[in-house]
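Worksheet: the structure to be examined is printed underneath.
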Amino acid sequence: MGSVAWKQLLLNALESNSNLKHSSFMQLATIGTNGKPSNRTVVFRGFQDNTDNLQINTDARTRKIEELKLCSSAEICWYFTDSWEQFRINGNIDIIDGSNPDPIKLQQRENSWFASSVRSRMQYLEPNPGLPCLNEQPQAEITLDPSTGPVDAFCLLILEPDQVDYLNLKSNQRLTCKTSVSAAKKSWIMERVNP
């Protein structure tokens with residue numbers, strides 16, 4: 001029940017805020033390699049096939065990948081400005097890069113690649129993110145064949161939620177949803193809490 005409730009609340013928030021380009025942007029927090037919090041803005045790329053799992057595209061060369069390899073726990077925070085709703089979704093992230101041995105996951109990665117715009121795909125051909133610029137000259141124009149599959153730098157992240165904290169500031173309502181696993185079956189427990 002809880003899964004349906006929080007996911008439906010999120011789908012409703014996405015729909016009611018769809019007129020705002022930034023409604024697909026959320027903050028992803030990880031544990032930095034130095035043990036301190038590390039946060040950045042990422043783009044929601046939809047739910048993974050008939051699940052509650054959230055998809056995020058990223059560059060395999062970014063610091064977040066190194067951090068997630070050390071600790072897969074992460075949390076996203078999403079605020080919808082028109083409806084005054086906040087979602088904090090906590091869980092573990094599965095990193096799917098080109099070296100993943102699972103053909104189903106590789107297909108998901110490819111599907112996510114082709115679901116992105118060519119402009120978005122081209123960012124994975126740029127120099128390594130976060131490294132110093134070595135050349136002050138403008139870079140030569142990069143081209144990409146739109147029919148070519150994912151490049152090595154492209155990575156799909158799948159966040160499998162295990163806890164959701166929902167806050168609606170208009171109605172002053174707050175719900176928490178937590179997973180419970182019994183007999184290898186995952187279920188959600190929802191509770192109304194004070195805002």
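FYI, nothing fancy with the structure tokens labels: chains A, B, ... in order, residues from 1 per chain, ligands from 1 as they appear.
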
Cut-off 12 Å: closest range 92-175 of chain A/range 26-31 of chain A atom pairs per residue, using only C-alpha atoms, as a Markdown table:
```
| residue | atom | partner | partner_atom | distance |
| --- | --- | --- | --- | --- |
| A:Asn92 | CA | A:Thr30 | CA | 10.1 |
| A:Ile93 | CA | A:Thr30 | CA | 9.9 |
| A:Leu157 | CA | A:Leu28 | CA | 11.2 |
| A:Leu159 | CA | A:Leu28 | CA | 10.2 |
```

For range 85-87 of chain A, find every residue with an atom within 12 Å (counting only C-alpha atoms), except residues of its own chain fewer than 2 positions away, and show them as a compact mmCIF listing (two decimals) with all heavy atoms, in the first residue's frame.
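Printed below is part_25.txt as written:
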```txt
# COMPACT_ATOMS: atom_id res chain seq x y z
N TRP A 6 3.06 6.64 -1.96
CA TRP A 6 4.09 7.65 -2.20
C TRP A 6 4.38 7.82 -3.68
O TRP A 6 4.61 8.93 -4.13
CB TRP A 6 5.37 7.35 -1.41
CG TRP A 6 6.25 6.24 -1.91
CD1 TRP A 6 6.34 4.97 -1.39
CD2 TRP A 6 7.19 6.28 -2.98
NE1 TRP A 6 7.26 4.24 -2.10
CE2 TRP A 6 7.80 5.02 -3.08
CE3 TRP A 6 7.56 7.28 -3.89
CZ2 TRP A 6 8.76 4.71 -4.03
CZ3 TRP A 6 8.52 6.97 -4.85
CH2 TRP A 6 9.11 5.70 -4.92
N LYS A 7 4.34 6.73 -4.43
CA LYS A 7 4.61 6.86 -5.87
C LYS A 7 3.50 7.67 -6.54
O LYS A 7 3.77 8.50 -7.40
CB LYS A 7 4.74 5.48 -6.51
CG LYS A 7 5.19 5.53 -7.95
CD LYS A 7 5.43 4.15 -8.50
CE LYS A 7 5.84 4.19 -9.96
NZ LYS A 7 6.05 2.83 -10.50
N LEU A 9 1.64 9.96 -5.10
CA LEU A 9 1.86 11.35 -4.69
C LEU A 9 2.94 12.01 -5.54
O LEU A 9 2.81 13.15 -5.97
CB LEU A 9 2.26 11.42 -3.21
CG LEU A 9 1.16 11.17 -2.19
CD1 LEU A 9 1.75 10.97 -0.80
CD2 LEU A 9 0.15 12.31 -2.20
N LEU A 10 4.02 11.25 -5.81
CA LEU A 10 5.11 11.78 -6.64
C LEU A 10 4.65 11.99 -8.08
O LEU A 10 4.93 13.04 -8.68
CB LEU A 10 6.31 10.85 -6.59
CG LEU A 10 7.53 11.25 -7.42
CD1 LEU A 10 8.01 12.65 -7.08
CD2 LEU A 10 8.66 10.25 -7.22
N LEU A 11 3.92 11.04 -8.64
CA LEU A 11 3.41 11.19 -10.01
C LEU A 11 2.47 12.40 -10.09
O LEU A 11 2.52 13.15 -11.07
CB LEU A 11 2.71 9.91 -10.46
CG LEU A 11 3.61 8.70 -10.69
CD1 LEU A 11 2.78 7.44 -10.89
CD2 LEU A 11 4.55 8.93 -11.87
N ASN A 12 1.64 12.58 -9.07
CA ASN A 12 0.74 13.74 -9.04
C ASN A 12 1.52 15.05 -8.98
O ASN A 12 1.19 16.03 -9.66
CB ASN A 12 -0.22 13.66 -7.86
CG ASN A 12 -1.23 12.53 -7.98
OD1 ASN A 12 -1.39 11.93 -9.05
ND2 ASN A 12 -1.88 12.21 -6.88
N ALA A 13 2.58 15.08 -8.16
CA ALA A 13 3.41 16.29 -8.04
C ALA A 13 4.11 16.59 -9.36
O ALA A 13 4.19 17.75 -9.78
CB ALA A 13 4.44 16.12 -6.92
N LEU A 14 4.62 15.55 -10.01
CA LEU A 14 5.27 15.75 -11.32
C LEU A 14 4.27 16.31 -12.33
O LEU A 14 4.60 17.23 -13.10
CB LEU A 14 5.85 14.43 -11.84
CG LEU A 14 7.15 13.98 -11.17
CD1 LEU A 14 7.40 12.49 -11.44
CD2 LEU A 14 8.32 14.83 -11.66
N SER A 16 1.37 18.01 -11.67
CA SER A 16 0.89 19.35 -11.33
C SER A 16 1.98 20.42 -11.47
O SER A 16 1.67 21.60 -11.52
CB SER A 16 0.29 19.38 -9.93
OG SER A 16 1.26 19.17 -8.95
N ASN A 17 3.24 20.00 -11.52
CA ASN A 17 4.36 20.94 -11.69
C ASN A 17 5.02 20.82 -13.06
O ASN A 17 6.10 21.36 -13.28
CB ASN A 17 5.40 20.71 -10.59
CG ASN A 17 4.91 21.12 -9.23
OD1 ASN A 17 5.08 22.24 -8.80
ND2 ASN A 17 4.26 20.19 -8.53
N SER A 23 11.05 21.00 -12.55
CA SER A 23 10.36 19.99 -11.74
C SER A 23 10.98 18.60 -11.87
O SER A 23 10.74 17.74 -11.03
CB SER A 23 8.87 19.94 -12.08
OG SER A 23 8.68 19.47 -13.39
N MET A 26 16.32 17.13 -9.12
CA MET A 26 16.33 16.76 -7.70
C MET A 26 17.77 16.76 -7.21
O MET A 26 18.70 16.74 -8.01
CB MET A 26 15.68 15.39 -7.51
CG MET A 26 16.29 14.29 -8.34
SD MET A 26 15.29 12.80 -8.34
CE MET A 26 16.16 11.84 -9.56
N GLN A 27 17.93 16.80 -5.91
CA GLN A 27 19.27 16.78 -5.33
C GLN A 27 19.59 15.36 -4.88
O GLN A 27 18.75 14.70 -4.26
CB GLN A 27 19.38 17.74 -4.14
CG GLN A 27 19.50 19.20 -4.53
CD GLN A 27 18.35 19.71 -5.37
OE1 GLN A 27 17.20 19.60 -4.98
NE2 GLN A 27 18.65 20.23 -6.54
N LEU A 28 20.79 14.91 -5.22
CA LEU A 28 21.25 13.57 -4.85
C LEU A 28 22.39 13.72 -3.86
O LEU A 28 23.41 14.34 -4.17
CB LEU A 28 21.72 12.81 -6.09
CG LEU A 28 22.45 11.48 -5.83
CD1 LEU A 28 21.49 10.45 -5.23
CD2 LEU A 28 23.04 10.95 -7.14
N GLU A 75 20.45 9.52 -0.87
CA GLU A 75 19.13 10.10 -0.66
C GLU A 75 18.92 11.21 -1.68
O GLU A 75 19.84 11.98 -1.96
CB GLU A 75 19.01 10.67 0.75
CG GLU A 75 17.62 11.23 1.04
CD GLU A 75 17.43 11.60 2.50
OE1 GLU A 75 17.02 10.72 3.28
OE2 GLU A 75 17.69 12.76 2.84
N ILE A 76 17.72 11.24 -2.22
CA ILE A 76 17.36 12.37 -3.08
C ILE A 76 16.39 13.25 -2.33
O ILE A 76 15.61 12.78 -1.50
CB ILE A 76 16.78 11.93 -4.45
CG1 ILE A 76 15.53 11.10 -4.28
CG2 ILE A 76 17.81 11.22 -5.29
CD1 ILE A 76 14.82 10.82 -5.58
N CYS A 77 16.45 14.52 -2.62
CA CYS A 77 15.51 15.49 -2.08
C CYS A 77 14.94 16.25 -3.26
O CYS A 77 15.68 16.75 -4.10
CB CYS A 77 16.20 16.44 -1.10
SG CYS A 77 15.03 17.55 -0.29
N TRP A 78 13.64 16.31 -3.31
CA TRP A 78 12.93 16.88 -4.45
C TRP A 78 11.89 17.85 -3.92
O TRP A 78 11.04 17.48 -3.11
CB TRP A 78 12.21 15.73 -5.12
CG TRP A 78 12.00 15.78 -6.57
CD1 TRP A 78 11.90 16.84 -7.39
CD2 TRP A 78 11.82 14.61 -7.39
NE1 TRP A 78 11.66 16.42 -8.67
CE2 TRP A 78 11.61 15.06 -8.69
CE3 TRP A 78 11.81 13.25 -7.14
CZ2 TRP A 78 11.39 14.19 -9.74
CZ3 TRP A 78 11.60 12.39 -8.18
CH2 TRP A 78 11.41 12.86 -9.47
N TYR A 79 11.94 19.08 -4.36
CA TYR A 79 10.97 20.08 -3.93
C TYR A 79 10.22 20.62 -5.14
O TYR A 79 10.84 21.06 -6.11
CB TYR A 79 11.63 21.23 -3.15
CG TYR A 79 10.62 22.19 -2.61
CD1 TYR A 79 9.78 21.81 -1.56
CD2 TYR A 79 10.45 23.45 -3.16
CE1 TYR A 79 8.82 22.69 -1.07
CE2 TYR A 79 9.48 24.33 -2.67
CZ TYR A 79 8.67 23.93 -1.63
OH TYR A 79 7.71 24.78 -1.15
N PHE A 80 8.91 20.58 -5.06
CA PHE A 80 8.05 21.07 -6.14
C PHE A 80 7.50 22.43 -5.73
O PHE A 80 6.72 22.53 -4.78
CB PHE A 80 6.93 20.07 -6.42
CG PHE A 80 7.44 18.77 -6.96
CD1 PHE A 80 7.73 17.71 -6.10
CD2 PHE A 80 7.67 18.60 -8.31
CE1 PHE A 80 8.22 16.51 -6.60
CE2 PHE A 80 8.15 17.41 -8.81
CZ PHE A 80 8.43 16.36 -7.95
N THR A 81 7.95 23.46 -6.45
CA THR A 81 7.67 24.84 -6.02
C THR A 81 6.21 25.26 -6.17
O THR A 81 5.73 26.06 -5.38
CB THR A 81 8.57 25.83 -6.79
OG1 THR A 81 8.39 25.64 -8.20
CG2 THR A 81 10.03 25.63 -6.44
N ASP A 82 5.50 24.75 -7.17
CA ASP A 82 4.09 25.15 -7.33
C ASP A 82 3.19 24.50 -6.29
O ASP A 82 2.29 25.14 -5.75
CB ASP A 82 3.59 24.82 -8.73
CG ASP A 82 3.81 25.95 -9.71
OD1 ASP A 82 4.53 26.91 -9.37
OD2 ASP A 82 3.27 25.88 -10.83
N SER A 83 3.41 23.22 -6.01
CA SER A 83 2.53 22.51 -5.08
C SER A 83 3.06 22.46 -3.65
O SER A 83 2.40 21.93 -2.76
CB SER A 83 2.27 21.08 -5.58
OG SER A 83 3.48 20.38 -5.74
N ILE A 89 13.78 10.72 -0.60
CA ILE A 89 13.73 9.30 -0.93
C ILE A 89 15.11 8.70 -0.68
O ILE A 89 16.09 9.10 -1.30
CB ILE A 89 13.27 9.08 -2.39
CG1 ILE A 89 11.91 9.76 -2.60
CG2 ILE A 89 13.21 7.59 -2.71
CD1 ILE A 89 11.42 9.77 -4.03
N ASN A 90 15.15 7.76 0.24
CA ASN A 90 16.39 7.15 0.68
C ASN A 90 16.45 5.71 0.17
O ASN A 90 15.43 5.03 0.12
CB ASN A 90 16.41 7.16 2.22
CG ASN A 90 17.75 6.85 2.78
OD1 ASN A 90 18.24 5.74 2.62
ND2 ASN A 90 18.33 7.81 3.48
N PRO A 161 14.30 2.64 -3.64
CA PRO A 161 13.89 3.28 -2.38
C PRO A 161 13.62 2.27 -1.28
O PRO A 161 13.07 1.20 -1.52
CB PRO A 161 12.60 4.01 -2.75
CG PRO A 161 12.56 4.07 -4.23
CD PRO A 161 13.33 2.88 -4.70
N GLN A 163 12.95 4.05 1.93
CA GLN A 163 12.29 4.98 2.85
C GLN A 163 11.93 6.26 2.09
O GLN A 163 12.74 6.78 1.32
CB GLN A 163 13.21 5.32 4.02
CG GLN A 163 12.57 6.17 5.06
CD GLN A 163 13.46 6.29 6.30
OE1 GLN A 163 14.17 5.37 6.65
NE2 GLN A 163 13.39 7.43 6.94
N VAL A 164 10.71 6.73 2.29
CA VAL A 164 10.25 7.97 1.65
C VAL A 164 9.63 8.86 2.73
O VAL A 164 8.83 8.40 3.54
CB VAL A 164 9.21 7.67 0.54
CG1 VAL A 164 8.69 8.96 -0.07
CG2 VAL A 164 9.79 6.75 -0.53
N ASP A 165 10.04 10.11 2.71
CA ASP A 165 9.49 11.10 3.63
C ASP A 165 8.81 12.16 2.76
O ASP A 165 9.47 12.82 1.96
CB ASP A 165 10.61 11.72 4.47
CG ASP A 165 10.10 12.61 5.59
OD1 ASP A 165 9.15 13.39 5.36
OD2 ASP A 165 10.67 12.54 6.68
N TYR A 166 7.50 12.29 2.89
CA TYR A 166 6.71 13.22 2.08
C TYR A 166 6.18 14.35 2.96
O TYR A 166 5.60 14.09 4.02
CB TYR A 166 5.54 12.47 1.43
CG TYR A 166 4.51 13.38 0.81
CD1 TYR A 166 4.76 14.01 -0.40
CD2 TYR A 166 3.29 13.60 1.43
CE1 TYR A 166 3.80 14.85 -0.97
CE2 TYR A 166 2.32 14.43 0.87
CZ TYR A 166 2.60 15.06 -0.33
OH TYR A 166 1.66 15.89 -0.90
N LEU A 167 6.38 15.58 2.52
CA LEU A 167 5.89 16.75 3.25
C LEU A 167 5.14 17.66 2.28
O LEU A 167 5.67 18.05 1.25
CB LEU A 167 7.06 17.51 3.88
CG LEU A 167 6.74 18.82 4.59
CD1 LEU A 167 5.83 18.59 5.79
CD2 LEU A 167 8.02 19.52 5.01
N ASN A 168 3.89 17.98 2.63
CA ASN A 168 3.10 18.92 1.86
C ASN A 168 2.91 20.17 2.73
O ASN A 168 2.22 20.13 3.74
CB ASN A 168 1.74 18.31 1.49
CG ASN A 168 0.95 19.21 0.59
OD1 ASN A 168 0.87 20.42 0.79
ND2 ASN A 168 0.33 18.62 -0.42
N LEU A 169 3.56 21.25 2.32
CA LEU A 169 3.52 22.48 3.12
C LEU A 169 2.20 23.24 2.97
O LEU A 169 1.86 24.05 3.83
CB LEU A 169 4.70 23.38 2.76
CG LEU A 169 6.07 22.80 3.15
CD1 LEU A 169 7.20 23.59 2.51
CD2 LEU A 169 6.21 22.77 4.66
N LYS A 170 1.46 22.99 1.89
CA LYS A 170 0.15 23.63 1.73
C LYS A 170 -0.88 23.03 2.68
O LYS A 170 -1.65 23.75 3.31
CB LYS A 170 -0.34 23.51 0.28
CG LYS A 170 0.29 24.51 -0.65
CD LYS A 170 -0.36 24.48 -2.02
CE LYS A 170 0.29 25.52 -2.92
NZ LYS A 170 -0.28 25.50 -4.27
N SER A 171 -0.89 21.71 2.78
CA SER A 171 -1.88 21.04 3.64
C SER A 171 -1.32 20.72 5.02
O SER A 171 -2.04 20.19 5.87
CB SER A 171 -2.36 19.75 2.98
OG SER A 171 -1.29 18.82 2.89
N ASN A 172 -0.04 21.03 5.24
CA ASN A 172 0.63 20.74 6.51
C ASN A 172 0.53 19.26 6.87
O ASN A 172 0.22 18.89 8.00
CB ASN A 172 0.08 21.62 7.64
CG ASN A 172 1.07 21.77 8.76
OD1 ASN A 172 2.29 21.75 8.55
ND2 ASN A 172 0.57 21.92 9.98
N GLN A 173 0.78 18.43 5.85
CA GLN A 173 0.67 16.97 6.00
C GLN A 173 2.04 16.33 5.76
O GLN A 173 2.76 16.73 4.84
CB GLN A 173 -0.34 16.43 4.98
CG GLN A 173 -0.45 14.94 4.95
CD GLN A 173 -1.34 14.45 3.82
OE1 GLN A 173 -1.64 15.19 2.88
NE2 GLN A 173 -1.75 13.21 3.89
N ARG A 174 2.38 15.36 6.58
CA ARG A 174 3.64 14.64 6.41
C ARG A 174 3.40 13.14 6.57
O ARG A 174 2.72 12.71 7.51
CB ARG A 174 4.68 15.12 7.42
CG ARG A 174 6.04 14.48 7.22
CD ARG A 174 7.07 15.13 8.11
NE ARG A 174 8.34 14.44 7.99
CZ ARG A 174 9.33 14.57 8.87
NH1 ARG A 174 9.20 15.38 9.90
NH2 ARG A 174 10.44 13.91 8.70
N LEU A 175 3.96 12.37 5.65
CA LEU A 175 3.85 10.92 5.67
C LEU A 175 5.25 10.32 5.56
O LEU A 175 6.11 10.85 4.86
CB LEU A 175 3.02 10.41 4.48
CG LEU A 175 1.61 10.95 4.31
CD1 LEU A 175 1.05 10.54 2.96
CD2 LEU A 175 0.73 10.44 5.44
N THR A 176 5.46 9.20 6.25
CA THR A 176 6.68 8.44 6.05
C THR A 176 6.28 7.06 5.55
O THR A 176 5.27 6.49 6.00
CB THR A 176 7.52 8.30 7.34
OG1 THR A 176 6.75 7.64 8.33
CG2 THR A 176 7.98 9.66 7.84
N CYS A 177 7.04 6.55 4.64
CA CYS A 177 6.84 5.21 4.10
C CYS A 177 8.16 4.47 4.23
O CYS A 177 9.19 4.97 3.79
CB CYS A 177 6.42 5.26 2.64
SG CYS A 177 4.91 6.21 2.34
N PRO A 195 4.31 17.23 10.97
CA PRO A 195 5.16 17.91 9.98
C PRO A 195 6.43 18.48 10.57
O PRO A 195 6.64 18.65 11.69
CB PRO A 195 4.29 19.02 9.43
CG PRO A 195 2.91 18.74 9.87
CD PRO A 195 3.00 17.83 11.04
```

Report as number ranges by chain: the residues of range 8-186 of chain A with a DSSP assignment of helix (DSSP H, G or I), based on the backbone of this structure.
A: 8-16, 21-24, 63-70, 103-115, 118-125

Separation of CA of Ser18 in chain A and CA of Val42 in chain A, in Å?
16.7 Å

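Atom pair CA of Met190 in chain A / CA of Ala5 in chain A has a distance of 8.2 Å (rounded to one decimal).
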
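Of the listed residues (A:Gly46, A:Gly32, A:Pro146, A:Gly98), A:Gly32 comes nearest to Glu67 in chain A; the distances count only C-alpha atoms.
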
Taking the backbone alone, and naming residues the way the document does, which bits of range 44-106 of chain A are strand (DSSP E) by DSSP, as JSON, numbers by chain?
{"A": [44, 45, 46, 47, 54, 55, 56, 57, 58, 59, 73, 74, 75, 76, 77, 78, 79, 80, 85, 86, 87, 88, 89, 90, 91, 92, 93, 94, 95, 96]}

Go ahead and save the residues from that selection, with N, CA and C atoms, as an mmCIF file, in the first residue's frame.
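This went into again.cif:
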```
data_model
loop_
_atom_site.group_PDB
_atom_site.id
_atom_site.type_symbol
_atom_site.label_atom_id
_atom_site.label_comp_id
_atom_site.auth_asym_id
_atom_site.auth_seq_id
_atom_site.Cartn_x
_atom_site.Cartn_y
_atom_site.Cartn_z
ATOM 1 N N PHE A 44 15.698 13.523 -12.960
ATOM 2 C CA PHE A 44 14.886 12.308 -12.894
ATOM 3 C C PHE A 44 14.612 11.841 -14.315
ATOM 4 N N ARG A 45 14.922 10.577 -14.589
ATOM 5 C CA ARG A 45 14.740 10.004 -15.936
ATOM 6 C C ARG A 45 13.636 8.968 -15.985
ATOM 7 N N GLY A 46 12.774 8.961 -14.980
ATOM 8 C CA GLY A 46 11.634 8.049 -14.975
ATOM 9 C C GLY A 46 11.830 6.883 -14.024
ATOM 10 N N PHE A 47 10.787 6.080 -13.935
ATOM 11 C CA PHE A 47 10.837 4.875 -13.112
ATOM 12 C C PHE A 47 11.300 3.703 -13.959
ATOM 13 N N LEU A 54 13.945 4.603 -9.167
ATOM 14 C CA LEU A 54 14.138 5.833 -9.932
ATOM 15 C C LEU A 54 15.417 5.753 -10.764
ATOM 16 N N GLN A 55 15.361 6.299 -11.985
ATOM 17 C CA GLN A 55 16.496 6.281 -12.901
ATOM 18 C C GLN A 55 17.138 7.657 -13.000
ATOM 19 N N ILE A 56 18.473 7.639 -13.015
ATOM 20 C CA ILE A 56 19.271 8.854 -13.146
ATOM 21 C C ILE A 56 20.410 8.549 -14.108
ATOM 22 N N ASN A 57 20.617 9.405 -15.087
ATOM 23 C CA ASN A 57 21.771 9.266 -15.980
ATOM 24 C C ASN A 57 22.923 10.086 -15.418
ATOM 25 N N THR A 58 24.137 9.568 -15.553
ATOM 26 C CA THR A 58 25.286 10.330 -15.097
ATOM 27 C C THR A 58 26.531 9.911 -15.853
ATOM 28 N N ASP A 59 27.573 10.675 -15.658
ATOM 29 C CA ASP A 59 28.864 10.400 -16.270
ATOM 30 C C ASP A 59 29.657 9.492 -15.335
ATOM 31 N N SER A 73 24.535 3.724 -0.392
ATOM 32 C CA SER A 73 23.416 4.450 0.220
ATOM 33 C C SER A 73 23.386 5.889 -0.281
ATOM 34 N N ALA A 74 22.187 6.362 -0.579
ATOM 35 C CA ALA A 74 22.029 7.724 -1.080
ATOM 36 C C ALA A 74 20.629 8.214 -0.746
ATOM 37 N N GLU A 75 20.452 9.519 -0.866
ATOM 38 C CA GLU A 75 19.135 10.103 -0.661
ATOM 39 C C GLU A 75 18.924 11.210 -1.681
ATOM 40 N N ILE A 76 17.719 11.244 -2.224
ATOM 41 C CA ILE A 76 17.364 12.365 -3.080
ATOM 42 C C ILE A 76 16.386 13.247 -2.331
ATOM 43 N N CYS A 77 16.451 14.523 -2.624
ATOM 44 C CA CYS A 77 15.512 15.487 -2.077
ATOM 45 C C CYS A 77 14.939 16.249 -3.260
ATOM 46 N N TRP A 78 13.636 16.312 -3.307
ATOM 47 C CA TRP A 78 12.930 16.876 -4.445
ATOM 48 C C TRP A 78 11.889 17.855 -3.919
ATOM 49 N N TYR A 79 11.944 19.085 -4.363
ATOM 50 C CA TYR A 79 10.968 20.076 -3.926
ATOM 51 C C TYR A 79 10.224 20.617 -5.141
ATOM 52 N N PHE A 80 8.910 20.578 -5.061
ATOM 53 C CA PHE A 80 8.052 21.071 -6.139
ATOM 54 C C PHE A 80 7.502 22.431 -5.731
ATOM 55 N N GLU A 85 5.477 20.737 -2.274
ATOM 56 C CA GLU A 85 5.667 19.365 -1.795
ATOM 57 C C GLU A 85 7.147 19.011 -1.815
ATOM 58 N N GLN A 86 7.556 18.290 -0.781
ATOM 59 C CA GLN A 86 8.933 17.811 -0.710
ATOM 60 C C GLN A 86 8.928 16.285 -0.557
ATOM 61 N N PHE A 87 9.803 15.637 -1.311
ATOM 62 C CA PHE A 87 10.006 14.203 -1.205
ATOM 63 C C PHE A 87 11.472 13.960 -0.871
ATOM 64 N N ARG A 88 11.727 13.212 0.178
ATOM 65 C CA ARG A 88 13.076 12.742 0.493
ATOM 66 C C ARG A 88 13.025 11.233 0.345
ATOM 67 N N ILE A 89 13.780 10.718 -0.605
ATOM 68 C CA ILE A 89 13.733 9.295 -0.927
ATOM 69 C C ILE A 89 15.110 8.702 -0.682
ATOM 70 N N ASN A 90 15.148 7.763 0.244
ATOM 71 C CA ASN A 90 16.391 7.151 0.683
ATOM 72 C C ASN A 90 16.451 5.714 0.173
ATOM 73 N N GLY A 91 17.632 5.270 -0.214
ATOM 74 C CA GLY A 91 17.786 3.890 -0.668
ATOM 75 C C GLY A 91 19.199 3.607 -1.113
ATOM 76 N N ASN A 92 19.342 2.521 -1.835
ATOM 77 C CA ASN A 92 20.638 2.129 -2.375
ATOM 78 C C ASN A 92 20.625 2.292 -3.886
ATOM 79 N N ILE A 93 21.792 2.633 -4.422
ATOM 80 C CA ILE A 93 21.910 2.870 -5.859
ATOM 81 C C ILE A 93 22.725 1.772 -6.515
ATOM 82 N N ASP A 94 22.180 1.269 -7.591
ATOM 83 C CA ASP A 94 22.869 0.293 -8.432
ATOM 84 C C ASP A 94 23.487 1.072 -9.602
ATOM 85 N N ILE A 95 24.781 0.880 -9.813
ATOM 86 C CA ILE A 95 25.507 1.552 -10.896
ATOM 87 C C ILE A 95 25.539 0.612 -12.093
ATOM 88 N N ILE A 96 25.011 1.072 -13.217
ATOM 89 C CA ILE A 96 25.021 0.254 -14.432
ATOM 90 C C ILE A 96 25.865 0.972 -15.481
#
```

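The space between CA of Gln8 in chain A and CA of Thr179 in chain A spans 16.3 Å.
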
Counting only C-alpha atoms, what is within 10 Å of Val118 in chain A, bar same-chain residues fewer than 5 positions away, as a PyMOL selection string?
chain A and resi 113+123+143-147

Close residues, range 128-132 of chain A itself excluded, 10 Å, only C-alpha atoms, min 5 positions apart in chain, as a PyMOL selection string:
chain A and resi 59-63+123+153
